[in-house]
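Data file: target29.csv. Format and content: CSV, C-alpha atoms.
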chain,number,residue,atom,x,y,z
W,212,MET,CA,94.7,242.9,31.2
W,213,ASP,CA,98.2,243.7,32.4
W,214,ARG,CA,100.5,241.2,34.0
W,215,ARG,CA,99.6,242.1,37.6
W,216,ASP,CA,95.9,241.5,36.8
W,217,PHE,CA,96.7,238.3,35.0
W,218,LEU,CA,98.7,236.9,37.9
W,219,ALA,CA,96.0,237.9,40.3
W,220,GLY,CA,93.5,236.1,38.3
W,221,ILE,CA,95.4,232.8,38.5
W,222,GLY,CA,96.4,233.2,42.1
W,223,ALA,CA,94.6,230.0,43.0
W,224,GLY,CA,96.4,228.2,40.3
W,225,ALA,CA,99.9,227.2,39.6
W,226,ALA,CA,101.7,230.4,40.8
W,227,ALA,CA,99.9,230.5,44.1
W,228,GLY,CA,100.2,226.8,44.5
W,229,SER,CA,103.9,226.9,44.3
W,230,ALA,CA,104.0,229.8,46.8
W,231,VAL,CA,101.9,227.8,49.3
W,232,GLY,CA,104.1,224.8,48.7
W,233,ALA,CA,107.1,226.9,49.6
W,234,GLY,CA,105.5,227.7,53.0
W,235,LEU,CA,104.5,231.2,51.8
W,236,PRO,CA,101.0,232.8,51.7
W,237,ALA,CA,98.9,232.2,48.6
W,238,TYR,CA,99.3,235.8,47.5
W,239,ALA,CA,103.1,235.7,47.5
W,240,ALA,CA,103.4,235.0,43.8
W,241,THR,CA,101.2,238.0,43.0
W,242,ALA,CA,102.6,240.5,45.5
W,243,VAL,CA,105.5,241.5,43.4
W,244,LYS,CA,105.7,244.9,41.7
W,245,HIS,CA,106.3,243.7,38.1
W,246,ALA,CA,107.7,245.7,35.3
W,247,PRO,CA,105.3,247.1,32.7
W,248,PRO,CA,104.3,244.7,29.9
W,249,GLY,CA,107.1,244.2,27.5
W,250,ALA,CA,109.7,245.8,29.8
W,251,ARG,CA,112.8,243.9,30.9
W,252,PRO,CA,114.0,244.2,34.5
W,253,LYS,CA,117.2,246.2,34.8
W,254,LEU,CA,120.1,244.1,35.8
W,255,LEU,CA,121.8,245.6,38.9
W,256,MET,CA,123.6,242.6,40.2
W,257,LYS,CA,127.4,242.1,40.4
W,258,LEU,CA,129.6,239.1,40.0
W,259,GLY,CA,131.1,238.4,43.4
W,260,CYS,CA,133.1,235.9,45.5
W,261,GLN,CA,133.9,235.1,49.1
W,262,SER,CA,136.8,232.7,48.7
W,263,SER,CA,140.0,233.1,50.6
W,264,PRO,CA,142.7,234.1,51.2
W,265,SER,CA,142.8,237.9,51.2
W,266,THR,CA,146.1,238.3,49.3
W,267,ASP,CA,147.2,240.1,46.1
W,268,GLU,CA,147.6,236.8,44.3
W,269,HIS,CA,144.1,235.6,45.1
W,270,PHE,CA,142.5,239.0,44.4
W,271,ALA,CA,144.3,238.9,41.0
W,272,PHE,CA,142.8,235.5,40.3
W,273,LEU,CA,139.3,236.8,41.1
W,274,ALA,CA,139.7,239.9,38.8
W,275,ARG,CA,141.1,237.7,36.0
W,276,TYR,CA,137.8,235.8,35.7
W,277,GLY,CA,135.5,238.8,35.8
W,278,VAL,CA,134.7,239.1,39.5
W,279,THR,CA,134.1,242.8,40.4
W,280,HIS,CA,132.9,242.6,44.1
W,281,ILE,CA,134.1,240.5,47.0
W,282,ALA,CA,133.5,239.4,50.6
W,283,ALA,CA,136.8,239.1,52.5
W,284,GLU,CA,138.4,238.9,55.9
W,285,GLY,CA,141.1,241.0,57.4
W,286,GLU,CA,144.0,240.8,59.9
W,287,ARG,CA,143.4,240.9,63.6
W,288,SER,CA,146.3,241.7,65.8
W,289,GLN,CA,146.9,241.6,69.6
W,290,GLY,CA,144.4,238.8,70.1
W,291,ARG,CA,141.4,240.9,69.3
W,292,LEU,CA,138.1,239.3,68.2
W,293,TYR,CA,137.6,242.0,65.5
W,294,SER,CA,139.5,243.8,62.8
W,295,THR,CA,140.1,247.5,63.4
W,296,ALA,CA,139.1,250.2,60.9
W,297,ASP,CA,142.7,250.3,59.6
W,298,GLU,CA,142.8,246.6,59.2
W,299,VAL,CA,139.5,246.6,57.2
W,300,LYS,CA,140.7,249.5,55.2
W,301,ALA,CA,143.9,247.6,54.3
W,302,VAL,CA,141.9,244.8,52.7
W,303,ARG,CA,139.7,247.3,50.9
W,304,GLU,CA,142.7,249.1,49.4
W,305,MET,CA,144.3,245.8,48.4
W,306,ALA,CA,141.1,244.9,46.6
W,307,GLU,CA,140.9,248.2,44.9
W,308,LYS,CA,144.4,247.7,43.5
W,309,HIS,CA,142.8,244.9,41.5
W,310,ARG,CA,139.7,246.9,40.7
W,311,LEU,CA,137.6,244.9,43.1
W,312,THR,CA,135.1,246.4,45.5
W,313,LEU,CA,135.1,245.1,49.1
W,314,ALA,CA,131.3,244.9,49.6
W,315,ILE,CA,131.1,242.6,52.6
W,316,PHE,CA,133.5,241.8,55.5
W,317,HIS,CA,134.0,238.4,57.1
W,318,PRO,CA,134.1,238.8,60.9
W,319,LEU,CA,136.1,236.4,63.1
W,320,LEU,CA,133.0,235.6,65.1
W,321,LEU,CA,129.9,233.5,64.2
W,322,PRO,CA,131.4,231.5,61.3
W,323,SER,CA,129.7,228.4,59.8
W,324,SER,CA,131.6,226.0,62.0
W,325,HIS,CA,130.6,223.2,64.4
W,326,ILE,CA,130.4,224.4,67.9
W,327,ASP,CA,132.7,221.6,69.1
W,328,LYS,CA,135.4,223.1,66.9
W,329,GLU,CA,134.7,226.8,67.5
W,330,ALA,CA,137.1,228.7,69.7
W,331,HIS,CA,134.7,231.6,70.4
W,332,GLY,CA,131.2,230.1,71.0
W,333,GLY,CA,129.9,232.3,73.8
W,334,ILE,CA,127.1,233.9,71.8
W,335,MET,CA,125.8,230.6,70.4
W,336,LEU,CA,126.2,228.8,73.8
W,337,ALA,CA,124.6,231.6,75.7
W,338,SER,CA,127.5,231.5,78.1
W,339,SER,CA,128.5,234.5,80.2
W,340,PRO,CA,130.8,236.4,80.3
W,341,GLU,CA,132.1,235.1,77.0
W,342,ARG,CA,129.0,236.1,75.0
W,343,GLU,CA,129.1,239.7,76.3
W,344,ARG,CA,132.7,240.0,75.3
W,345,GLU,CA,131.9,238.6,71.9
W,346,VAL,CA,128.9,240.7,71.2
W,347,GLU,CA,130.9,243.8,72.1
W,348,ALA,CA,133.6,242.7,69.6
W,349,PHE,CA,130.9,242.2,66.9
W,350,GLN,CA,129.6,245.7,67.7
W,351,ASN,CA,133.1,247.0,67.3
W,352,GLN,CA,133.4,245.2,63.9
W,353,ILE,CA,130.3,247.1,62.7
W,354,ARG,CA,131.9,250.4,63.8
W,355,ALA,CA,135.2,249.5,62.1
W,356,CYS,CA,133.5,248.6,58.8
W,357,ALA,CA,131.6,251.9,58.9
W,358,ALA,CA,134.8,253.8,59.4
W,359,ALA,CA,136.5,251.9,56.6
W,360,GLY,CA,133.7,252.3,54.1
W,361,VAL,CA,132.6,248.7,54.0
W,362,PRO,CA,128.7,248.5,54.0
W,363,CYS,CA,128.0,245.0,55.1
W,364,ILE,CA,129.0,242.1,57.4
W,365,LYS,CA,128.0,238.5,57.0
W,366,TYR,CA,127.7,235.9,59.8
W,367,ASN,CA,126.1,232.6,60.8
W,368,MET,CA,124.0,231.6,63.8
W,369,SER,CA,124.7,227.9,63.8
W,370,LEU,CA,125.8,225.3,66.3
W,371,LEU,CA,126.2,222.4,63.8
W,372,GLY,CA,127.9,224.1,60.9
W,373,VAL,CA,127.3,222.6,57.5
W,374,LEU,CA,125.8,219.0,57.6
W,375,ARG,CA,126.9,216.5,55.0
W,376,ASN,CA,127.4,212.8,55.4
W,377,HIS,CA,128.7,211.3,52.2
W,378,HIS,CA,130.1,212.1,48.7
W,379,GLU,CA,128.8,211.4,45.3
W,380,GLN,CA,130.6,211.1,42.0
W,381,GLY,CA,129.9,214.0,39.6
W,382,ARG,CA,131.0,214.7,36.0
W,383,GLY,CA,134.4,213.3,35.2
W,384,ASP,CA,136.4,213.0,38.4
W,385,ALA,CA,134.5,215.7,40.3
W,386,MET,CA,133.2,214.8,43.7
W,387,PHE,CA,130.2,216.4,45.4
W,388,SER,CA,129.3,216.5,49.1
W,389,ALA,CA,125.8,215.2,49.8
W,390,TRP,CA,123.3,214.8,52.6
W,391,ASP,CA,120.9,212.0,53.4
W,392,GLU,CA,119.1,212.8,56.6
W,393,ALA,CA,117.5,209.3,56.8
W,394,SER,CA,120.9,207.6,57.1
W,395,ALA,CA,122.6,210.3,59.2
W,396,LYS,CA,123.9,209.1,62.5
W,397,PRO,CA,125.1,211.9,64.8
W,398,GLN,CA,128.5,211.3,66.3
W,399,PRO,CA,128.7,212.1,69.1
W,400,PRO,CA,125.0,212.2,70.0
W,401,LEU,CA,125.4,215.5,71.7
W,402,THR,CA,127.6,218.5,71.2
W,403,ARG,CA,129.1,220.6,74.1
W,404,ALA,CA,126.0,222.8,73.7
W,405,GLY,CA,123.8,219.9,74.9
W,406,PRO,CA,120.2,219.7,73.8
W,407,VAL,CA,118.9,223.0,72.3
W,408,ASN,CA,115.2,223.3,71.5
W,409,ALA,CA,113.5,225.8,69.3
W,410,GLU,CA,112.6,228.2,72.1
W,411,GLN,CA,116.2,228.2,73.5
W,412,PHE,CA,117.6,228.8,70.0
W,413,TRP,CA,115.2,231.8,69.3
W,414,GLU,CA,116.2,233.3,72.7
W,415,ARG,CA,119.9,233.2,71.7
W,416,ILE,CA,119.1,234.7,68.3
W,417,THR,CA,116.9,237.4,69.8
W,418,TRP,CA,119.5,238.3,72.4
W,419,PHE,CA,122.1,238.8,69.7
W,420,LEU,CA,119.9,240.9,67.5
W,421,ASP,CA,118.8,243.1,70.4
W,422,HIS,CA,122.5,243.9,71.0
W,423,VAL,CA,123.7,244.4,67.4
W,424,VAL,CA,120.8,245.7,65.3
W,425,PRO,CA,120.7,249.1,67.1
W,426,VAL,CA,124.5,249.5,66.4
W,427,ALA,CA,123.9,248.5,62.7
W,428,ASN,CA,121.2,251.1,62.5
W,429,GLU,CA,123.4,253.8,64.0
W,430,TYR,CA,126.4,253.1,61.8
W,431,LYS,CA,124.3,252.1,58.7
W,432,VAL,CA,126.1,248.8,58.2
W,433,ARG,CA,124.0,245.9,57.0
W,434,ILE,CA,124.4,242.5,58.8
W,435,ALA,CA,123.6,239.5,56.7
W,436,CYS,CA,122.8,236.1,58.3
W,437,HIS,CA,123.3,232.8,56.5
W,438,PRO,CA,120.5,230.2,56.8
W,439,GLN,CA,121.4,227.0,58.6
W,440,ASP,CA,122.7,224.4,56.1
W,441,PRO,CA,120.6,222.3,55.8
W,442,GLY,CA,117.4,222.3,57.8
W,443,VAL,CA,116.5,219.0,59.5
W,444,GLY,CA,113.3,217.6,60.8
W,445,PRO,CA,111.5,218.7,64.0
W,446,GLN,CA,113.6,216.2,66.1
W,447,GLY,CA,116.7,218.2,65.2
W,448,TYR,CA,120.2,216.8,64.8
W,449,GLN,CA,122.5,216.1,67.8
W,450,SER,CA,119.4,217.2,69.8
W,451,ILE,CA,119.7,220.7,68.3
W,452,ASN,CA,116.7,222.3,66.5
W,453,ARG,CA,117.7,224.2,63.4
W,454,VAL,CA,115.3,227.1,63.5
W,455,LEU,CA,116.9,228.9,60.6
W,456,GLY,CA,116.6,225.8,58.4
W,457,THR,CA,113.1,226.5,57.0
W,458,VAL,CA,111.5,229.4,55.0
W,459,GLU,CA,109.1,230.0,57.9
W,460,GLY,CA,112.1,230.3,60.3
W,461,LEU,CA,113.8,232.8,58.0
W,462,LYS,CA,110.6,234.8,57.8
W,463,HIS,CA,110.4,235.0,61.6
W,464,PHE,CA,114.1,235.9,61.8
W,465,ILE,CA,113.8,239.0,59.7
W,466,SER,CA,110.8,240.1,61.7
W,467,ILE,CA,112.8,240.3,64.9
W,468,ARG,CA,114.2,243.8,65.4
W,469,GLU,CA,112.9,244.9,62.0
W,470,SER,CA,115.4,247.1,60.3
W,471,ALA,CA,116.7,248.0,56.8
W,472,TYR,CA,120.1,246.9,58.1
W,473,HIS,CA,119.0,243.4,59.3
W,474,GLY,CA,118.6,240.8,56.6
W,475,LEU,CA,120.0,237.7,54.9
W,476,ASN,CA,123.1,236.3,53.3
W,477,PHE,CA,120.6,234.5,51.0
W,478,CYS,CA,122.2,231.1,50.2
W,479,GLN,CA,120.1,229.9,47.3
W,480,GLY,CA,121.6,226.5,47.6
W,481,THR,CA,120.7,226.2,51.3
W,482,VAL,CA,117.2,227.5,50.8
W,483,SER,CA,116.8,225.0,47.9
W,484,GLU,CA,117.9,222.2,50.3
W,485,ASP,CA,115.1,223.3,52.6
W,486,LEU,CA,112.3,222.9,50.0
W,487,GLU,CA,110.5,219.8,48.9
W,488,ARG,CA,110.3,221.0,45.2
W,489,PRO,CA,113.1,223.5,44.8
W,490,ALA,CA,112.9,223.7,41.0
W,491,GLU,CA,109.4,225.0,41.4
W,492,GLN,CA,109.4,226.8,44.8
W,493,ILE,CA,112.6,228.8,45.0
W,494,PHE,CA,111.4,231.7,42.8
W,495,ASP,CA,108.6,232.6,45.1
W,496,VAL,CA,111.0,232.5,48.1
W,497,ILE,CA,113.3,234.9,46.3
W,498,ARG,CA,110.3,237.1,45.7
W,499,TYR,CA,109.2,237.0,49.3
W,500,PHE,CA,112.5,238.2,50.7
W,501,GLY,CA,113.6,240.2,47.7
W,502,THR,CA,110.5,242.4,47.7
W,503,ARG,CA,111.1,243.1,51.4
W,504,LYS,CA,114.7,244.1,50.6
W,505,LYS,CA,116.0,241.5,53.0
W,506,ILE,CA,118.5,239.9,50.5
W,507,PHE,CA,121.9,241.5,51.1
W,508,ASN,CA,124.0,238.8,49.4
W,509,VAL,CA,123.3,235.7,47.3
W,510,HIS,CA,125.2,232.4,47.3
W,511,PHE,CA,124.2,231.5,43.7
W,512,ARG,CA,124.6,227.8,43.8
W,513,ASN,CA,122.6,224.8,42.7
W,514,ILE,CA,121.7,221.3,44.0
W,515,VAL,CA,120.3,218.0,42.8
W,516,GLY,CA,117.6,216.8,45.1
W,517,HIS,CA,115.4,218.3,47.8
W,518,ARG,CA,114.9,218.6,51.6
W,519,GLY,CA,116.4,215.7,53.5
W,520,HIS,CA,118.2,214.2,50.4
W,521,PHE,CA,120.5,216.2,48.0
W,522,ARG,CA,123.9,216.6,46.6
W,523,GLU,CA,125.7,219.7,45.6
W,524,ALA,CA,126.2,220.4,41.9
W,525,PHE,CA,127.9,222.5,39.2
W,526,PRO,CA,125.8,225.6,38.5
W,527,ASP,CA,124.7,224.3,35.1
W,528,GLU,CA,123.6,220.8,36.1
W,529,GLY,CA,121.4,221.3,39.2
W,530,ASP,CA,117.6,221.1,39.5
W,531,VAL,CA,117.0,224.9,39.7
W,532,ASP,CA,117.0,227.0,36.5
W,533,LEU,CA,119.6,229.6,37.4
W,534,TYR,CA,118.7,231.9,34.5
W,535,LYS,CA,115.1,232.0,35.7
W,536,ALA,CA,116.5,232.6,39.3
W,537,LEU,CA,118.7,235.4,38.0
W,538,MET,CA,115.7,237.1,36.3
W,539,THR,CA,113.7,236.8,39.5
W,540,TYR,CA,116.4,238.7,41.4
W,541,ALA,CA,116.3,241.3,38.7
W,542,GLU,CA,112.5,241.4,39.0
W,543,VAL,CA,112.7,242.3,42.7
W,544,GLY,CA,115.4,244.9,42.1
W,545,TYR,CA,118.2,243.0,43.9
W,546,ASP,CA,121.5,245.0,43.4
W,547,GLY,CA,124.0,242.9,45.4
W,548,MET,CA,126.4,240.1,44.6
W,549,LEU,CA,125.8,236.8,43.0
W,550,MET,CA,128.6,234.5,44.1
W,551,PRO,CA,129.4,230.8,43.7
W,552,ASP,CA,129.8,228.6,46.7
W,553,HIS,CA,130.5,225.0,47.6
W,554,VAL,CA,132.2,224.1,44.4
W,555,PRO,CA,133.3,220.5,43.7
W,556,GLU,CA,136.7,219.2,44.4
W,557,VAL,CA,138.8,216.5,42.8
W,558,PRO,CA,140.7,214.1,45.2
W,559,GLY,CA,144.4,214.5,44.8
W,560,HIS,CA,144.2,217.8,42.9
W,561,PRO,CA,144.2,220.8,45.3
W,562,GLU,CA,144.1,223.2,42.4
W,563,ALA,CA,140.7,221.8,41.2
W,564,ALA,CA,138.7,224.0,43.6
W,565,LEU,CA,140.1,227.1,41.9
W,566,GLN,CA,139.2,225.6,38.5
W,567,SER,CA,135.7,224.9,39.7
W,568,PHE,CA,135.4,228.5,40.9
W,569,ALA,CA,136.6,229.8,37.5
W,570,PHE,CA,134.0,227.7,35.8
W,571,ALA,CA,131.3,229.1,38.1
W,572,TYR,CA,132.4,232.7,37.5
W,573,GLY,CA,132.2,232.1,33.8
W,574,HIS,CA,128.7,230.5,34.0
W,575,ILE,CA,127.3,233.3,36.2
W,576,ARG,CA,128.9,236.0,34.0
W,577,GLY,CA,127.4,234.3,30.9
W,578,LEU,CA,123.9,234.3,32.5
W,579,MET,CA,124.2,237.9,33.4
W,580,GLN,CA,125.3,238.9,29.9
W,581,ALA,CA,122.5,236.8,28.3
W,582,ALA,CA,120.0,238.5,30.6
W,583,GLN,CA,121.2,241.9,29.5
W,584,HIS,CA,120.6,241.0,25.8
W,585,ALA,CA,117.4,239.0,26.2
Write-out of the structure in structure tokens:
Amino acid sequence: MDRRDFLAGIGAGAAAGSAVGAGLPAYAATAVKHAPPGARPKLLMKLGCQSSPSTDEHFAFLARYGVTHIAAEGERSQGRLYSTADEVKAVREMAEKHRLTLAIFHPLLLPSSHIDKEAHGGIMLASSPEREREVEAFQNQIRACAAAGVPCIKYNMSLLGVLRNHHEQGRGDAMFSAWDEASAKPQPPLTRAGPVNAEQFWERITWFLDHVVPVANEYKVRIACHPQDPGVGPQGYQSINRVLGTVEGLKHFISIRESAYHGLNFCQGTVSEDLERPAEQIFDVIRYFGTRKKIFNVHFRNIVGHRGHFREAFPDEGDVDLYKALMTYAEVGYDGMLMPDHVPEVPGHPEAALQSFAFAYGHIRGLMQAAQHA
């Protein structure tokens, strides 16, 4: 009996149980094309980062600690909402001086910010003519990246940004941001978007995808969307339903305007935040999206806790086994970046974030090397 037959035989057991618990069909844990018995999946992933700024000094820092691929932003002159091909190329060439590959570009539009702080909210507010101007700029950003040889753009479709409502003490003097939905009190009760139910949110997402996926297809540039961080209950938060805050929501998202160039900036930390038992369930979620080639980038971070109540964590101390997660990405043939995200800070020590990033690079690099020699 080979591994496929063995897993199929226990599909009603623990493997399928964890898939169902993750909101996936019972066959999800057995639908993967596994390597032959005794074979080790080939490691195709790269150590990446998306931290700012885009400068020679910062790129040298990234290269110093073993980063090889990056996501970065570029200049935008004359009040434009997008960077030109020459501006994108300038960032690419700066990265290449440090032997870094610019694999993903940060657009100005659709960041992970709260709508009340966002200067360009037309797409997410569904307000005309602003959203038409913004979607045209996003289309131009796709064209500019294609001309500059950058194969992917990442973005968010969020009105609330990243939700956290307290901090918790970590190792030593490190502080971690945390979320407890039961005690969260939205202030103010409504954003400038007003109430946004699930139907309205899906309409806005679909409108955007209808306008940008055909351009992504034409220019062969992938567009990678980040999940909403974190998901909240059906009642929403600030009267906004977070439709991209569940595995089921992400599954529906990738089915809209199906394309090889439309997928996810798969934040493993955020997806873990959206699961009841992330230490058990995250691997089948990786398999679901990974086997469909919908994972374009990975925020390889860890948490302590579960949906509705969690804190961020150093990569080595969270609830999810990151080595097992890395091997799951290898299993599905993922060949993009693994990058740290949401590292802890130390009050009064602004340099501590860079130290935390350096620790995370070393940890991820060590996991990758261990996997190659397993």
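Nearest to Thr279 of chain W of all the residues W:Val407, W:Leu371, W:Leu549, W:Ala563 is W:Leu549, counting all atoms listed in the file.
Polymer residues near (136.3, 222.2, 42.4): counting only C-alpha atoms with a cut-off of 6 Å, they are Val554, Pro555, Glu556, Ala563, Ala564, Gln566 and Ser567 of chain W.
Candidate residues W:Met550, W:Pro252, W:Ile467, W:Val423 were compared for distance to Ala585 of chain W, and the nearest is W:Pro252, using all atoms listed in the file.
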Handout entry: Contacts of Leu401 of chain W within 10 Å, all atoms listed in the file, excl. fewer than 4 positions in-chain, as number ranges by chain
Key = W: 327, 397, 405-407, 448-451
Completion exercise
Atom pair atom CA of Met335 of chain W + atom CA of Val454 of chain W, distance 13.0 Å
Exercise for the section: With a distance cut-off of 10 Å and all atoms listed in the file, select the neighbouring residues of His473 of chain W, excluding the residue or stretch itself and same-chain residues fewer than 3 positions from it, and output the selection as a VMD selection string. Expected result: chain W and resid 420 423 to 425 427 to 428 432 to 436 464 to 470 504 to 507
Exercise for the section: For Gln580 of chain W, list every protein, DNA or RNA residue within 12 Å, evaluated using all atoms listed in the file, and leave out those in the same chain fewer than 3 positions away; present the list as a ChimeraX atom specification. Expected result: /W:253-258,277,534,537-538,573-577,583-585
Practice task
Up to 10 Å from (135.2, 249.2, 65.7) in the file's coordinates: name the residues, counting only C-alpha atoms, as a VMD selection string.
Solution key: chain W and resid 293 to 297 299 347 to 359
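Our summary of the geometry notes that atom CA of Val426 of chain W is positioned 21.0 Å from atom CA of Gly332 of chain W.
Distance check against Glu392 of chain W using only C-alpha atoms: of W:Leu320, W:Ala404, W:Ile326, W:Val443, the minimum falls on W:Val443.
In terms of minimum interatomic distance to Gly360 of chain W, W:Leu313 ranks closest within W:Leu321, W:Ala395, W:Val373, W:Leu313, counting all atoms listed in the file.
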Completion exercise
Min atom-atom distance to His510 of chain W from the set W:Glu528, W:Ala569, W:Arg498, W:Phe477, counting only C-alpha atoms, belongs to W:Phe477
Handout entry: Counting only C-alpha atoms, the option among W:Glu484, W:Glu562, W:Glu343, W:Asp267 closest to Arg375 of chain W
Key = W:Glu484
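The gap separating atom CA of Pro264 of chain W from atom CA of Phe525 of chain W is 22.3 Å, in Å to one decimal.
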